[in-house]
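Next up, protein02.csv (CSV, C-alpha atoms):
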```
chain,number,residue,atom,x,y,z
E,18,MET,CA,-93.4,-19.9,-121.6
E,19,SER,CA,-89.9,-21.0,-122.7
E,20,GLU,CA,-87.9,-18.2,-121.1
E,21,THR,CA,-85.4,-19.3,-118.5
E,22,PRO,CA,-84.7,-16.9,-115.6
E,23,ALA,CA,-81.2,-15.6,-115.4
E,24,SER,CA,-80.9,-16.4,-111.7
E,25,PRO,CA,-83.1,-19.4,-111.1
E,26,VAL,CA,-84.0,-20.6,-107.6
E,27,THR,CA,-84.4,-24.3,-107.1
E,28,ASP,CA,-87.7,-25.9,-106.3
E,29,ALA,CA,-86.4,-26.5,-102.7
E,30,GLU,CA,-86.4,-22.7,-102.1
E,31,PRO,CA,-90.1,-21.8,-101.4
E,32,THR,CA,-89.7,-18.0,-101.6
E,33,GLY,CA,-93.1,-16.4,-101.9
E,34,LEU,CA,-93.9,-13.8,-104.6
E,35,MET,CA,-94.7,-11.1,-102.1
E,36,ARG,CA,-91.5,-11.6,-100.3
E,37,GLN,CA,-89.4,-11.6,-103.5
E,38,ALA,CA,-91.0,-8.5,-105.0
E,39,GLY,CA,-91.5,-6.7,-101.7
E,40,ILE,CA,-94.7,-5.1,-100.4
E,41,SER,CA,-93.8,-1.6,-101.7
E,42,TYR,CA,-93.7,-2.9,-105.2
E,43,PHE,CA,-97.4,-3.3,-105.7
E,44,PRO,CA,-98.5,0.3,-104.8
E,45,ILE,CA,-95.6,1.7,-106.8
E,46,ALA,CA,-96.5,-0.4,-109.9
E,47,LEU,CA,-100.2,0.6,-109.6
E,48,ILE,CA,-99.7,4.4,-109.4
E,49,ALA,CA,-96.8,4.3,-111.9
E,50,ARG,CA,-99.2,3.1,-114.7
E,51,LEU,CA,-101.8,5.9,-114.0
E,52,PRO,CA,-100.1,8.5,-116.3
E,53,PHE,CA,-100.3,6.0,-119.2
E,54,ALA,CA,-104.1,5.7,-118.6
E,55,MET,CA,-104.4,9.5,-118.6
E,56,ASN,CA,-102.4,10.3,-121.7
E,57,VAL,CA,-104.9,9.6,-124.5
E,58,VAL,CA,-107.9,11.2,-122.8
E,59,GLY,CA,-105.8,14.0,-121.4
E,60,VAL,CA,-104.3,14.9,-124.8
E,61,MET,CA,-107.7,14.8,-126.5
E,62,THR,CA,-109.3,16.9,-123.8
E,63,LEU,CA,-106.6,19.5,-123.9
E,64,VAL,CA,-106.6,19.8,-127.7
E,65,VAL,CA,-110.4,20.0,-128.0
E,66,ALA,CA,-110.4,22.8,-125.4
E,67,ALA,CA,-107.3,24.7,-126.7
E,68,ARG,CA,-108.0,24.4,-130.5
E,69,GLU,CA,-111.8,24.1,-130.3
E,70,SER,CA,-111.7,21.2,-132.8
E,71,ILE,CA,-113.2,17.8,-131.9
E,72,LEU,CA,-111.8,16.4,-135.2
E,73,LEU,CA,-108.2,17.5,-134.3
E,74,GLY,CA,-108.7,16.1,-130.9
E,75,GLY,CA,-109.6,12.7,-132.4
E,76,TYR,CA,-106.6,12.8,-134.7
E,77,THR,CA,-104.3,13.8,-131.8
E,78,ALA,CA,-105.5,10.9,-129.7
E,79,ALA,CA,-104.8,8.6,-132.7
E,80,ALA,CA,-101.3,10.1,-133.0
E,81,VAL,CA,-100.6,9.1,-129.4
E,82,GLY,CA,-101.6,5.6,-130.4
E,83,VAL,CA,-99.3,5.7,-133.4
E,84,GLY,CA,-96.3,6.7,-131.2
E,85,THR,CA,-97.0,3.9,-128.8
E,86,ALA,CA,-97.4,1.4,-131.6
E,87,VAL,CA,-94.0,2.2,-133.1
E,88,ALA,CA,-92.0,2.7,-129.9
E,89,GLY,CA,-93.7,0.5,-127.3
E,90,PRO,CA,-92.3,-2.9,-128.6
E,91,LEU,CA,-88.9,-1.2,-129.1
E,92,LEU,CA,-88.8,-0.2,-125.5
E,93,GLY,CA,-89.7,-3.7,-124.5
E,94,ALA,CA,-87.0,-5.1,-126.7
E,95,ALA,CA,-84.5,-2.7,-125.1
E,96,ALA,CA,-85.7,-3.8,-121.7
E,97,ASP,CA,-85.2,-7.4,-122.6
E,98,ARG,CA,-81.6,-6.7,-123.8
E,99,TYR,CA,-80.3,-4.1,-121.3
E,100,GLY,CA,-82.7,-4.5,-118.3
E,101,GLN,CA,-85.7,-2.3,-117.4
E,102,ARG,CA,-84.0,0.1,-115.0
E,103,TYR,CA,-82.3,2.5,-117.5
E,104,VAL,CA,-84.9,2.0,-120.2
E,105,MET,CA,-87.7,3.0,-117.8
E,106,LEU,CA,-85.8,6.0,-116.4
E,107,LEU,CA,-85.1,7.4,-119.8
E,108,ALA,CA,-88.7,6.7,-121.0
E,109,GLY,CA,-90.1,8.3,-117.9
E,110,ILE,CA,-88.1,11.5,-118.1
E,111,GLY,CA,-88.8,11.7,-121.9
E,112,ASN,CA,-92.5,11.2,-121.4
E,113,ALA,CA,-92.7,13.9,-118.6
E,114,LEU,CA,-91.0,16.4,-120.9
E,115,ALA,CA,-93.3,15.4,-123.8
E,116,LEU,CA,-96.4,15.9,-121.7
E,117,LEU,CA,-95.2,19.4,-120.6
E,118,LEU,CA,-94.4,20.2,-124.2
E,119,MET,CA,-97.9,19.2,-125.2
E,120,ALA,CA,-99.4,21.4,-122.4
E,121,TRP,CA,-97.6,24.3,-124.0
E,122,VAL,CA,-97.9,23.6,-127.8
E,123,ALA,CA,-101.7,23.1,-127.7
E,124,PHE,CA,-102.1,26.8,-126.8
E,125,ALA,CA,-99.1,28.1,-128.8
E,126,ALA,CA,-99.5,29.9,-132.1
E,127,VAL,CA,-98.1,27.0,-134.2
E,128,PRO,CA,-99.7,24.9,-137.0
E,129,ASP,CA,-101.7,21.9,-136.0
E,130,VAL,CA,-99.1,19.6,-137.4
E,131,TRP,CA,-96.8,20.5,-134.5
E,132,VAL,CA,-99.5,19.4,-132.1
E,133,LEU,CA,-99.8,16.1,-133.9
E,134,ALA,CA,-96.0,15.6,-133.8
E,135,VAL,CA,-95.8,16.2,-130.1
E,136,ALA,CA,-98.7,13.8,-129.6
E,137,VAL,CA,-96.7,11.1,-131.4
E,138,LEU,CA,-93.8,11.9,-129.0
E,139,VAL,CA,-96.1,11.5,-126.0
E,140,GLY,CA,-97.1,8.0,-127.2
E,141,ALA,CA,-93.6,7.0,-128.2
E,142,THR,CA,-92.1,7.8,-124.8
E,143,ALA,CA,-95.0,6.4,-122.7
E,144,PRO,CA,-93.5,4.1,-120.1
E,145,GLN,CA,-94.9,0.6,-120.5
E,146,VAL,CA,-95.4,-0.1,-116.8
E,147,GLY,CA,-98.2,-2.6,-117.0
E,148,PRO,CA,-96.5,-5.0,-119.5
E,149,LEU,CA,-93.1,-4.7,-117.8
E,150,SER,CA,-94.7,-5.3,-114.3
E,151,ARG,CA,-96.1,-8.6,-115.7
E,152,THR,CA,-92.6,-9.4,-117.0
E,153,ARG,CA,-91.0,-8.9,-113.6
E,154,LEU,CA,-93.7,-10.9,-111.6
E,155,VAL,CA,-93.6,-13.8,-114.1
E,156,ALA,CA,-89.8,-13.9,-113.7
E,157,TYR,CA,-90.2,-14.1,-109.9
E,158,ILE,CA,-92.9,-16.8,-110.3
E,159,ARG,CA,-90.5,-19.0,-112.3
E,160,ARG,CA,-88.4,-19.1,-109.1
E,161,LEU,CA,-91.2,-20.6,-107.1
E,162,PRO,CA,-91.6,-24.4,-106.5
E,163,ARG,CA,-92.8,-26.0,-109.7
E,164,GLU,CA,-96.1,-27.1,-108.3
E,165,LYS,CA,-97.0,-23.5,-107.3
E,166,ARG,CA,-96.2,-21.8,-110.6
E,167,ALA,CA,-99.3,-22.4,-112.7
E,168,LYS,CA,-101.8,-21.3,-110.1
E,169,THR,CA,-99.7,-18.3,-109.1
E,170,ILE,CA,-99.3,-17.1,-112.7
E,171,GLN,CA,-103.1,-17.2,-113.2
E,172,GLY,CA,-103.7,-15.3,-109.9
E,173,THR,CA,-101.0,-12.8,-110.7
E,174,LEU,CA,-102.1,-12.1,-114.2
E,175,ALA,CA,-105.7,-11.8,-112.9
E,176,TYR,CA,-104.5,-9.2,-110.3
E,177,GLU,CA,-102.5,-7.3,-112.9
E,178,SER,CA,-105.5,-7.1,-115.3
E,179,ALA,CA,-107.8,-6.0,-112.5
E,180,VAL,CA,-105.3,-3.2,-111.6
E,181,ASP,CA,-105.2,-2.2,-115.3
E,182,GLU,CA,-109.0,-2.0,-115.3
E,183,ILE,CA,-109.1,0.1,-112.2
E,184,VAL,CA,-106.4,2.5,-113.5
E,185,PHE,CA,-108.0,2.9,-116.9
E,186,ILE,CA,-111.3,3.7,-115.2
E,187,PHE,CA,-109.8,6.1,-112.7
E,188,GLY,CA,-107.5,7.8,-115.2
E,189,PRO,CA,-110.1,9.4,-117.4
E,190,VAL,CA,-112.1,10.4,-114.2
E,191,LEU,CA,-109.0,12.1,-112.9
E,192,VAL,CA,-108.5,13.9,-116.2
E,193,GLY,CA,-112.0,15.2,-116.1
E,194,ALA,CA,-111.7,16.3,-112.5
E,195,LEU,CA,-108.5,18.2,-113.1
E,196,ALA,CA,-109.6,19.7,-116.4
E,197,THR,CA,-112.9,20.9,-114.9
E,198,THR,CA,-111.6,22.3,-111.6
E,199,LEU,CA,-108.3,23.7,-112.8
E,200,ASN,CA,-107.6,24.1,-116.6
E,201,PRO,CA,-107.4,21.8,-119.6
E,202,ALA,CA,-103.6,21.5,-119.3
E,203,ALA,CA,-103.7,20.4,-115.6
E,204,PRO,CA,-104.2,16.6,-116.4
E,205,LEU,CA,-101.0,16.5,-118.5
E,206,ILE,CA,-99.0,18.5,-116.0
E,207,GLY,CA,-100.3,16.2,-113.2
E,208,ALA,CA,-99.4,13.1,-115.3
E,209,ALA,CA,-95.9,14.5,-115.9
E,210,ILE,CA,-95.4,14.9,-112.1
E,211,LEU,CA,-96.7,11.4,-111.4
E,212,THR,CA,-94.4,10.0,-114.1
E,213,VAL,CA,-91.3,11.7,-112.6
E,214,ILE,CA,-92.1,10.4,-109.1
E,215,PHE,CA,-93.6,7.0,-109.6
E,216,VAL,CA,-92.2,5.8,-112.9
E,217,SER,CA,-88.8,6.6,-111.5
E,218,ALA,CA,-89.6,4.7,-108.4
E,219,PHE,CA,-90.7,1.8,-110.5
E,220,ALA,CA,-87.5,2.0,-112.5
E,221,LEU,CA,-85.3,2.1,-109.5
E,222,HIS,CA,-87.1,-0.7,-107.6
E,223,ARG,CA,-84.9,-3.7,-106.9
E,224,SER,CA,-87.1,-5.9,-109.1
E,225,ALA,CA,-86.2,-3.9,-112.2
E,226,ASN,CA,-83.7,-6.3,-113.7
E,227,VAL,CA,-85.0,-9.6,-112.3
E,228,ALA,CA,-85.9,-10.9,-115.8
E,229,THR,CA,-82.3,-10.2,-117.1
E,230,GLY,CA,-80.4,-11.2,-114.0
E,231,GLY,CA,-79.4,-7.6,-113.3
E,232,GLY,CA,-77.4,-7.0,-116.4
E,233,THR,CA,-77.2,-7.0,-120.2
E,234,VAL,CA,-78.5,-10.2,-121.9
E,235,LYS,CA,-76.3,-11.6,-124.7
E,236,ALA,CA,-77.9,-11.8,-128.1
E,237,GLU,CA,-77.3,-15.5,-128.3
E,238,ASP,CA,-79.4,-16.0,-125.1
E,239,GLN,CA,-82.5,-14.6,-126.9
E,240,ALA,CA,-84.7,-16.3,-129.4
E,241,PRO,CA,-84.5,-14.9,-133.0
E,242,VAL,CA,-86.7,-11.9,-133.7
E,243,SER,CA,-88.5,-13.9,-136.3
E,244,GLU,CA,-90.2,-15.9,-133.5
E,245,LEU,CA,-92.1,-12.8,-132.5
E,246,PHE,CA,-94.0,-12.9,-135.8
E,247,GLU,CA,-95.1,-16.5,-135.6
E,248,ILE,CA,-98.9,-17.0,-135.8
E,249,ARG,CA,-99.1,-18.3,-132.2
E,250,VAL,CA,-97.8,-14.9,-131.0
E,251,LEU,CA,-99.4,-12.6,-133.6
E,252,ILE,CA,-102.9,-14.1,-133.0
E,253,VAL,CA,-102.8,-12.9,-129.4
E,254,VAL,CA,-101.5,-9.5,-130.4
E,255,LEU,CA,-104.3,-9.1,-132.9
E,256,GLY,CA,-106.8,-10.2,-130.2
E,257,MET,CA,-105.6,-7.4,-127.9
E,258,LEU,CA,-105.8,-4.9,-130.9
E,259,ALA,CA,-109.4,-5.9,-131.3
E,260,VAL,CA,-110.0,-5.4,-127.5
E,261,GLY,CA,-108.6,-1.9,-127.9
E,262,LEU,CA,-110.9,-1.3,-130.8
E,263,PHE,CA,-113.8,-2.4,-128.6
E,264,PHE,CA,-112.7,0.0,-125.8
E,265,GLY,CA,-112.4,3.0,-128.2
E,266,SER,CA,-115.6,2.3,-130.0
E,267,ALA,CA,-117.6,1.6,-126.9
E,268,LEU,CA,-116.5,4.8,-125.0
E,269,THR,CA,-116.9,7.0,-128.1
E,270,SER,CA,-120.3,5.7,-129.1
E,271,LEU,CA,-121.5,5.8,-125.5
E,272,THR,CA,-120.4,9.4,-125.2
E,273,SER,CA,-122.3,10.3,-128.4
E,274,TRP,CA,-125.4,8.4,-127.1
E,275,MET,CA,-125.3,10.2,-123.7
E,276,ASP,CA,-124.7,13.6,-125.4
E,277,GLU,CA,-127.8,13.2,-127.5
E,278,ARG,CA,-129.7,12.5,-124.2
E,279,GLY,CA,-128.2,15.7,-122.7
E,280,ALA,CA,-126.1,13.9,-120.1
E,281,ALA,CA,-122.6,13.6,-121.7
E,282,GLU,CA,-121.0,14.3,-118.3
E,283,GLN,CA,-122.4,11.0,-117.0
E,284,THR,CA,-120.7,8.9,-119.6
E,285,GLY,CA,-117.8,8.0,-117.3
E,286,LEU,CA,-120.2,6.7,-114.6
E,287,LEU,CA,-122.0,4.4,-117.0
E,288,TYR,CA,-118.8,3.2,-118.7
E,289,GLY,CA,-117.3,2.5,-115.2
E,290,LEU,CA,-119.9,-0.2,-114.7
E,291,MET,CA,-118.2,-2.3,-117.4
E,292,GLY,CA,-114.9,-1.8,-115.7
E,293,VAL,CA,-116.3,-2.9,-112.3
E,294,THR,CA,-117.7,-6.2,-113.6
E,295,SER,CA,-114.6,-6.6,-115.7
E,296,ALA,CA,-112.2,-6.3,-112.8
E,297,VAL,CA,-114.3,-8.6,-110.6
E,298,LEU,CA,-114.4,-11.4,-113.2
E,299,ALA,CA,-110.7,-10.9,-114.0
E,300,LEU,CA,-109.9,-11.8,-110.4
E,301,SER,CA,-112.0,-14.9,-110.6
E,302,VAL,CA,-109.8,-16.4,-113.3
E,303,ALA,CA,-107.5,-17.7,-110.6
E,304,VAL,CA,-110.1,-20.3,-109.6
E,305,PHE,CA,-110.9,-21.6,-113.1
E,306,PRO,CA,-110.1,-25.3,-113.5
E,307,ALA,CA,-107.1,-26.3,-115.6
E,308,ARG,CA,-109.4,-28.3,-117.9
E,309,PHE,CA,-111.0,-25.0,-119.0
E,310,SER,CA,-108.3,-24.3,-121.6
E,311,LEU,CA,-107.1,-20.9,-122.6
E,312,ALA,CA,-108.3,-21.5,-126.1
E,313,ALA,CA,-111.8,-22.3,-124.8
E,314,ARG,CA,-111.8,-19.3,-122.5
E,315,TRP,CA,-111.1,-17.0,-125.4
E,316,VAL,CA,-114.1,-18.2,-127.3
E,317,THR,CA,-116.3,-18.3,-124.2
E,318,PHE,CA,-115.7,-14.8,-123.0
E,319,ALA,CA,-115.6,-13.3,-126.5
E,320,THR,CA,-119.2,-14.8,-126.9
E,321,VAL,CA,-120.2,-13.0,-123.7
E,322,MET,CA,-118.8,-9.8,-125.1
E,323,VAL,CA,-120.7,-10.2,-128.4
E,324,ALA,CA,-124.0,-10.7,-126.4
E,325,GLY,CA,-123.3,-7.7,-124.3
E,326,ALA,CA,-122.3,-5.5,-127.3
E,327,TYR,CA,-125.6,-6.4,-129.0
E,328,LEU,CA,-127.5,-5.2,-125.9
E,329,ILE,CA,-125.4,-2.0,-126.0
E,330,ALA,CA,-126.4,-1.4,-129.6
E,331,THR,CA,-130.1,-2.0,-128.9
E,332,ALA,CA,-130.3,-0.2,-125.5
E,333,SER,CA,-133.2,2.3,-125.2
E,334,SER,CA,-132.8,3.6,-121.7
E,335,ASP,CA,-130.1,4.4,-119.1
E,336,PHE,CA,-131.0,1.3,-117.2
E,337,SER,CA,-130.9,-1.0,-120.2
E,338,MET,CA,-127.5,0.5,-121.2
E,339,MET,CA,-126.2,0.0,-117.6
E,340,VAL,CA,-127.2,-3.7,-117.8
E,341,ALA,CA,-125.6,-4.1,-121.2
E,342,LEU,CA,-122.3,-2.6,-120.1
E,343,ALA,CA,-122.3,-4.7,-116.9
E,344,ILE,CA,-122.8,-7.9,-118.9
E,345,THR,CA,-120.2,-6.9,-121.4
E,346,GLY,CA,-117.7,-6.4,-118.6
E,347,LEU,CA,-118.2,-10.1,-117.6
E,348,GLY,CA,-116.4,-11.0,-120.8
E,349,VAL,CA,-113.8,-8.3,-121.0
E,350,GLY,CA,-111.9,-8.9,-117.8
E,351,PRO,CA,-111.3,-12.7,-118.2
E,352,LEU,CA,-110.5,-12.2,-121.8
E,353,ILE,CA,-107.6,-9.8,-121.1
E,354,VAL,CA,-106.2,-12.1,-118.4
E,355,ASN,CA,-106.5,-15.0,-120.8
E,356,ALA,CA,-104.5,-13.0,-123.5
E,357,TYR,CA,-101.6,-12.4,-121.1
E,358,GLY,CA,-101.7,-16.0,-120.1
E,359,LEU,CA,-101.4,-17.1,-123.7
E,360,ALA,CA,-98.6,-14.6,-124.2
E,361,THR,CA,-96.8,-15.9,-121.1
E,362,GLU,CA,-96.9,-19.5,-122.5
E,363,ARG,CA,-95.9,-18.5,-126.0
E,364,THR,CA,-93.1,-15.9,-125.4
E,365,PRO,CA,-89.9,-16.7,-127.2
E,366,ARG,CA,-86.8,-17.2,-125.0
E,367,GLY,CA,-85.5,-13.9,-123.7
E,368,ARG,CA,-88.3,-11.8,-125.3
E,369,SER,CA,-90.8,-11.5,-122.4
E,370,ALA,CA,-90.8,-7.6,-122.1
E,371,THR,CA,-91.1,-7.4,-125.9
E,372,VAL,CA,-94.2,-9.5,-126.1
E,373,MET,CA,-95.8,-7.9,-123.1
E,374,THR,CA,-95.3,-4.4,-124.6
E,375,MET,CA,-96.6,-5.6,-128.0
E,376,LEU,CA,-99.8,-6.6,-126.2
E,377,GLY,CA,-100.0,-3.3,-124.3
E,378,SER,CA,-99.3,-1.3,-127.4
E,379,ALA,CA,-101.9,-3.2,-129.4
E,380,ILE,CA,-104.6,-2.1,-126.9
E,381,VAL,CA,-103.6,1.6,-127.1
E,382,VAL,CA,-103.5,1.5,-130.9
E,383,GLY,CA,-106.9,-0.2,-131.1
E,384,GLN,CA,-108.4,2.2,-128.6
E,385,SER,CA,-107.0,5.3,-130.5
E,386,ALA,CA,-108.1,4.0,-133.9
E,387,GLY,CA,-111.6,3.0,-132.5
E,388,SER,CA,-112.1,6.4,-131.0
E,389,ALA,CA,-111.1,8.2,-134.2
E,390,ILE,CA,-113.2,6.0,-136.5
E,391,VAL,CA,-116.3,5.8,-134.4
E,392,GLY,CA,-116.0,9.5,-133.6
E,393,THR,CA,-116.3,10.2,-137.3
E,394,ILE,CA,-119.2,7.8,-137.6
E,395,ALA,CA,-121.0,9.4,-134.7
E,396,ASP,CA,-120.4,12.9,-136.0
E,397,GLY,CA,-121.9,12.0,-139.5
E,398,SER,CA,-124.6,9.4,-138.7
E,399,GLY,CA,-125.4,9.8,-135.0
E,400,SER,CA,-125.1,7.4,-132.0
E,401,ALA,CA,-127.7,5.0,-133.4
E,402,VAL,CA,-125.2,3.9,-136.0
E,403,ALA,CA,-122.1,4.3,-133.9
E,404,LEU,CA,-123.4,2.0,-131.2
E,405,TRP,CA,-123.1,-1.0,-133.6
E,406,ALA,CA,-119.3,-0.5,-133.7
E,407,PRO,CA,-118.6,-2.2,-130.4
E,408,LEU,CA,-120.5,-5.3,-131.7
E,409,ALA,CA,-118.3,-5.4,-134.8
E,410,SER,CA,-115.2,-5.2,-132.6
E,411,ALA,CA,-116.5,-8.0,-130.3
E,412,ALA,CA,-117.3,-10.1,-133.3
E,413,LEU,CA,-113.7,-9.7,-134.5
E,414,ILE,CA,-112.5,-10.8,-131.1
E,415,LEU,CA,-114.6,-13.9,-131.3
E,416,LEU,CA,-113.4,-14.6,-134.9
E,417,LEU,CA,-109.8,-14.4,-133.7
E,418,GLY,CA,-110.6,-16.7,-130.8
E,419,LEU,CA,-112.1,-19.3,-133.1
E,420,THR,CA,-109.0,-19.0,-135.4
E,421,ASN,CA,-106.8,-19.6,-132.3
E,422,ALA,CA,-108.8,-22.6,-131.4
E,423,LEU,CA,-108.3,-24.1,-134.8
E,424,LEU,CA,-104.5,-23.8,-134.7
E,425,ARG,CA,-102.4,-26.9,-134.3
E,426,PRO,CA,-102.3,-28.0,-130.7
E,427,ALA,CA,-98.6,-27.1,-130.5
E,428,GLN,CA,-99.4,-23.6,-131.6
E,429,ARG,CA,-102.7,-23.1,-129.8
```

Whole structure given in structure tokens:
Amino acid sequence: MSETPASPVTDAEPTGLMRQAGISYFPIALIARLPFAMNVVGVMTLVVAARESILLGGYTAAAVGVGTAVAGPLLGAAADRYGQRYVMLLAGIGNALALLLMAWVAFAAVPDVWVLAVAVLVGATAPQVGPLSRTRLVAYIRRLPREKRAKTIQGTLAYESAVDEIVFIFGPVLVGALATTLNPAAPLIGAAILTVIFVSAFALHRSANVATGGGTVKAEDQAPVSELFEIRVLIVVLGMLAVGLFFGSALTSLTSWMDERGAAEQTGLLYGLMGVTSAVLALSVAVFPARFSLAARWVTFATVMVAGAYLIATASSDFSMMVALAITGLGVGPLIVNAYGLATERTPRGRSATVMTMLGSAIVVGQSAGSAIVGTIADGSGSAVALWAPLASAALILLLGLTNALLRPAQR
């Protein structure tokens, strides 16, 4: 990664990452990203219950993704330029208000187009806690002694990806629990409360402006915007988009498959198996040898995903589906860590938050699109056809990985 920290610490100052960020940082950053994991599922659950339309629910979930796709990188760019503190505070307040508005408009006597418009607003204001957390920690790591940086970056990105996996497993479970025990609007109201408390705490934490040195960054200190669209950056963004497609298609097709077996309520438990193995393998990335290059890791773990997705498509029992999901997770976790590792290396000067939010937004967009497309397939052709969609997504990830491996060494 070519970005130079605004306030570098010399190699003679062995300040540890935990000491620099502070112990309180990690629980705050974990809980602060929970509302983001609840938004898509919570909005879809609410709209389906309030409007009694699965189709509208799918479109609304996709609308959240559209809002994130458009505004996510812009929030990242603003954080790069002006620092994270004020950007995150404004986004958090805006998102909390948008969530409360969605809780009202879903039941209001207004046309469906207003529901879709508010869904776009929910996505557009979603605080990008995960990507911006990585930006902060990488900035701290660049202050460590040079010999410690590479290993610490791998371990930190592995931890961050494992946290994302845990949150994106627990988020939908929390949505289901609140919607079932209270009412369909409860998950969004709960997400709004969490956003006000923990996103604000994340924004106000002393680490907020570490990547910009505590102030506004001059335009001349940033690489040209055109560098964000170079193939070496875009290939990673497309890879994360394909991962999002996989997530959306896998969850939606699995839900359809379980529904046909009369056990739709158990979908989360089965899907969680993939998250467990994914999180465990994500943490193992820190011990991979340096000679196992990032380009080779992409192809390797994408191949594991293809094999697992084929087993998902051909599963005939709950047990075989559980095995298939567990195997697939072995590829998912390391692949996500690998993508953020590549992004860290390739980030143009002064554009760290922008690139990280591009990756985070790509996953959400892919997940929303995958859910909408596969939901339509499942509704028209059944789960037998829909279950092949995750394999198509995994194959796309592998194809992109092979393309990345064929790039010139300087780009790869």

For CA of Leu221 (chain E) and CA of Gln145 (chain E), determine how far apart the two atoms are, in Å to one decimal place.
14.7 Å

Using all atoms listed in the file, tabulate the residues of region 307-359 of chain E lying at most 12 Å from any atom of region 256-261 of chain E, each with its closest atom pair and that distance in Å to one decimal, by chain and increasing residue number, as a Markdown table.
```
| residue | atom | partner | partner_atom | distance |
| --- | --- | --- | --- | --- |
| E:Trp315 | CA | E:Gly256 | CA | 9.4 |
| E:Val316 | CA | E:Gly256 | CA | 11.2 |
| E:Phe318 | CA | E:Val260 | CA | 11.9 |
| E:Ala319 | CA | E:Val260 | CA | 9.7 |
| E:Met322 | CA | E:Val260 | CA | 10.1 |
| E:Val323 | CA | E:Val260 | CA | 11.8 |
| E:Thr345 | CA | E:Val260 | CA | 12.0 |
| E:Gly346 | CA | E:Val260 | CA | 11.8 |
| E:Gly348 | CA | E:Val260 | CA | 10.8 |
| E:Val349 | CA | E:Val260 | CA | 8.1 |
| E:Gly350 | CA | E:Val260 | CA | 10.5 |
| E:Pro351 | CA | E:Val260 | CA | 11.9 |
| E:Leu352 | CA | E:Val260 | CA | 8.9 |
| E:Ile353 | CA | E:Met257 | CA | 7.5 |
| E:Val354 | CA | E:Met257 | CA | 10.6 |
| E:Asn355 | CA | E:Met257 | CA | 10.4 |
| E:Ala356 | CA | E:Met257 | CA | 7.2 |
| E:Tyr357 | CA | E:Met257 | CA | 9.3 |
| E:Leu359 | CA | E:Gly256 | CA | 10.9 |
```

Requested write-out: C-alpha atoms of the selected residues, as a PDB file, in the coordinates of the input:
```pdb
ATOM      1  CA  TRP E 315    -111.100 -17.000-125.400  1.00  0.00           C
ATOM      2  CA  VAL E 316    -114.100 -18.200-127.300  1.00  0.00           C
ATOM      3  CA  PHE E 318    -115.700 -14.800-123.000  1.00  0.00           C
ATOM      4  CA  ALA E 319    -115.600 -13.300-126.500  1.00  0.00           C
ATOM      5  CA  MET E 322    -118.800  -9.800-125.100  1.00  0.00           C
ATOM      6  CA  VAL E 323    -120.700 -10.200-128.400  1.00  0.00           C
ATOM      7  CA  THR E 345    -120.200  -6.900-121.400  1.00  0.00           C
ATOM      8  CA  GLY E 346    -117.700  -6.400-118.600  1.00  0.00           C
ATOM      9  CA  GLY E 348    -116.400 -11.000-120.800  1.00  0.00           C
ATOM     10  CA  VAL E 349    -113.800  -8.300-121.000  1.00  0.00           C
ATOM     11  CA  GLY E 350    -111.900  -8.900-117.800  1.00  0.00           C
ATOM     12  CA  PRO E 351    -111.300 -12.700-118.200  1.00  0.00           C
ATOM     13  CA  LEU E 352    -110.500 -12.200-121.800  1.00  0.00           C
ATOM     14  CA  ILE E 353    -107.600  -9.800-121.100  1.00  0.00           C
ATOM     15  CA  VAL E 354    -106.200 -12.100-118.400  1.00  0.00           C
ATOM     16  CA  ASN E 355    -106.500 -15.000-120.800  1.00  0.00           C
ATOM     17  CA  ALA E 356    -104.500 -13.000-123.500  1.00  0.00           C
ATOM     18  CA  TYR E 357    -101.600 -12.400-121.100  1.00  0.00           C
ATOM     19  CA  LEU E 359    -101.400 -17.100-123.700  1.00  0.00           C
TER      20      LEU E 359
END
```

Gap from CA of Ile40 (chain E) to CA of Ala54 (chain E) - Å, one decimal:
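Spanning CA of Ile40 (chain E) to CA of Ala54 (chain E) is a straight-line distance of 23.2 Å.
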
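Proximity ranking of E:Leu47, E:Leu149, E:Met339, E:Leu205 relative to Trp121 (chain E) places E:Leu205 first, based on only C-alpha atoms.
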
Selection near region 130-134 of chain E, 8 Å with all atoms listed in the file, sequence-local residues under 5 positions removed, as number ranges by chain
E: 76-77, 80, 119, 122-123

Store the residues picked out above, limited to C-alpha atoms, as a PDB file, keeping the file's coordinate frame.
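For reference, again_23.pdb as written:
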```
ATOM      1  CA  TYR E  76    -106.600  12.800-134.700  1.00  0.00           C
ATOM      2  CA  THR E  77    -104.300  13.800-131.800  1.00  0.00           C
ATOM      3  CA  ALA E  80    -101.300  10.100-133.000  1.00  0.00           C
ATOM      4  CA  MET E 119     -97.900  19.200-125.200  1.00  0.00           C
ATOM      5  CA  VAL E 122     -97.900  23.600-127.800  1.00  0.00           C
ATOM      6  CA  ALA E 123    -101.700  23.100-127.700  1.00  0.00           C
TER       7      ALA E 123
END
```

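Taking CA of Leu245 (chain E) and CA of Ala296 (chain E) as endpoints, the distance between them is 28.9 Å.
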
For a cutoff of 8 Å around the file-coordinate point (-113.2, 4.2, -129.5), which residues qualify once you count all atoms listed in the file? I'd like the result as a VMD selection string.
chain E and resid 261 to 270 383 to 392

Closest-contact table, region 84-113 of chain E side, partner region 150-164 of chain E, 10 Å, counting all atoms listed in the file, as a tab-separated table:
```
residue	atom	partner	partner_atom	distance
E:Gly93	CA	E:Thr152	CA	9.9
E:Asp97	CA	E:Thr152	CA	9.5
E:Gln101	CA	E:Arg153	CA	9.3
```

Pick from E:Ala411, E:Gly172, E:Ala406, E:Phe246: nearest to Val321 (chain E), with all atoms listed in the file counted?
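Comparing E:Ala411, E:Gly172, E:Ala406, E:Phe246 against Val321 (chain E), the winner is E:Ala411.
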